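Visitor: Take this structure, written in structure tokens, and hold onto it; I'll ask about it next.
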Amino acid sequence: MPHTTTLPALSVMQLHVQDRIAHLQLSQPDRLNTMHPQFWRDLDAALSAISTHSDVRALVISSTGKHFSAGMALDTFANPDFAPQDQSPEGRAALSEFLWDMQQVFTRIEQLRIPVIAAIQGGCIGGALDMVCCACIRYATQEAFFCVQEINIGMVADLGSLQRLPKLLPMGLVKELAYTGRRWPAQAALAHGFINAMFETQEAMLAAAMQCAQEIAAKPPIAIWGSKQALDFARDHSVQDSLRQMGWLQAGIWSNRHVMESVQATQQKRAGAFPALAPQRSFGQM
């Protein structure tokens, strides 16, 4: 029996699970889906639910309204519980730890056991760019644009885009975007491989994202997990180290049954039947 997980009640985004696909949709278009304290609480809760939902095989992150997200809500910096304290070394040390905590929420997207597809329309600005850098696959509408907005408000981007973009794009281009804060259009992002495909409408983009998620969900979950592990390891290590890790990984998850089921399902023109990943648990749940 698939492991069932109660989905959390969220305020500024919606989470649905259907046909083994989770769909997390930002739902504050009147606020340009900006990132304020409730956004972080909702995102953390949603990712926790997805990570423990063993029968979910892919995640699509999309948004509503004209823009995917305008990034961090500027009024957040006026919140005394959130605003950085720069008057003492102790306050600045606390800022470092606070940023680490926020960074780890986005890192959870990257470290999910399942592939993540981001569907981006309109502006993907500041913290939103940090977030979509954590996705495995990115689709965008033709009017979408990306922006390292932080430099335009006198600060350094600090939630991951400066660390992840150099893994995805030429360093010279990353520096140009980071130093100028220019809007980078979807056409250029497609030409440089940052987005996988570009679509005329938001509806067509979301349909393509869901179709891709369905194709992923039809594959053996353990093989998808292994592929993601190998790719992420190879991104950060040498070829020889990655090949060695691949041997250990394959030896650990190899299944004759999965291979035979995949071959037979293809020959018989039917969907394969594969077990879900084992439920992911933490010590706090024991």
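Here, A, B, ... name the chains of the structure tokens in the order displayed, residue numbers run from 1 inside each chain, and ligands are numbered from 1 in the same displayed order.
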So that I can see what lies close to Gln111 in chain A, please list as a ChimeraX atom specification the residues with an atom at most 12 Å from it, counting only C-alpha atoms and leaving out residues fewer than 5 positions away in the same chain.
Guide: /A:47-48,50-51,104-106,116,134-136,225,228-229,231-233
Visitor: Looking only at the backbone, which of the residues in range 111-216 of chain A does DSSP tag as strand (DSSP E or B), as an MDAnalysis selection string?
Guide: chainID A and resid 116:120 123:125 137:141 145:147 184:185 197:199
Visitor: Find the residues around range 171-183 of chain A up to 8 Å (only C-alpha atoms counted), leave out those fewer than 4 positions away in its own chain, and share them as a ChimeraX atom specification.
Guide: /A:145-152,157,162,165-166
Visitor: Taking C-alpha atoms for each residue, export the selection above as a compact mmCIF listing (two decimals), in the first residue's frame.
Guide:
# COMPACT_ATOMS: atom_id res chain seq x y z
CA PHE A 145 12.53 37.15 -17.82
CA PHE A 146 15.07 36.56 -15.08
CA CYS A 147 16.83 39.13 -12.93
CA VAL A 148 19.48 39.15 -10.20
CA GLN A 149 17.52 41.97 -8.59
CA GLU A 150 19.52 42.22 -5.37
CA ILE A 151 22.27 44.37 -6.92
CA ASN A 152 19.59 46.91 -7.88
CA ALA A 157 22.28 38.05 -3.93
CA LEU A 162 25.48 33.23 -7.33
CA LEU A 165 24.19 29.79 -11.76
CA PRO A 166 27.92 29.19 -12.42
Visitor: Can you work out the spacing between CA of Pro279 in chain A and CA of Ser54 in chain A in Å, to one decimal?
Guide: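 Going from CA of Pro279 in chain A over to CA of Ser54 in chain A, I get 4.9 Å.
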Visitor: Give me the residues within 7 Å of Glu261 in chain A as a ChimeraX atom specification, counting only C-alpha atoms and dropping any in the same chain fewer than 4 places off.
Guide: /A:257,265,272
Visitor: With a distance cut-off of 9 Å and only C-alpha atoms, select the neighbouring residues of Glu200 in chain A, excluding the residue or stretch itself and same-chain residues fewer than 5 positions from it, and output the selection as a list in words.
Guide: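 Listing them by chain and then by number gives Ala140, Thr141, Gln142, Glu143 and Met205 of chain A.
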Visitor: Nearest to Ser96 in chain A: which of A:Val12, A:Ile222, A:Leu159, A:Leu74 is it, counting only C-alpha atoms?
Guide: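 Between A:Val12, A:Ile222, A:Leu159, A:Leu74, the residue approaching Ser96 in chain A most closely is A:Leu159.
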Visitor: Can you list, as a ChimeraX atom specification, all residues belonging to range 190-229 of chain A that DSSP tags as helix (DSSP H, G or I)?
Guide: /A:190-191,202-217,221-229
Visitor: How far is it from CA of Ala94 in chain A to CA of Asp158 in chain A, in Å with one decimal?
Guide: 14.7 Å
Visitor: Would you kindly return, as number ranges by chain, each protein, DNA or RNA residue with an atom no farther than 12 Å from any atom of Gly193 in chain A, considering only C-alpha atoms and excluding same-chain residues fewer than 6 positions away?
Guide: A: 137-140, 165, 167-170, 186-187
Visitor: Rank nothing, just name the residue among A:Gln14, A:Gln121, A:Ser62, A:Ser242 nearest to Ala45 in chain A, using only C-alpha atoms.
Guide: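 Among A:Gln14, A:Gln121, A:Ser62, A:Ser242, it is A:Gln14 that comes nearest to Ala45 in chain A.
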Visitor: Got a sec: who's within 9 Å of Pro220 in chain A, counting only C-alpha atoms, leaving out chain neighbours fewer than 6 positions off, as JSON, numbers by chain?
Guide: {"A": [258, 262, 272, 273, 274, 275, 276]}
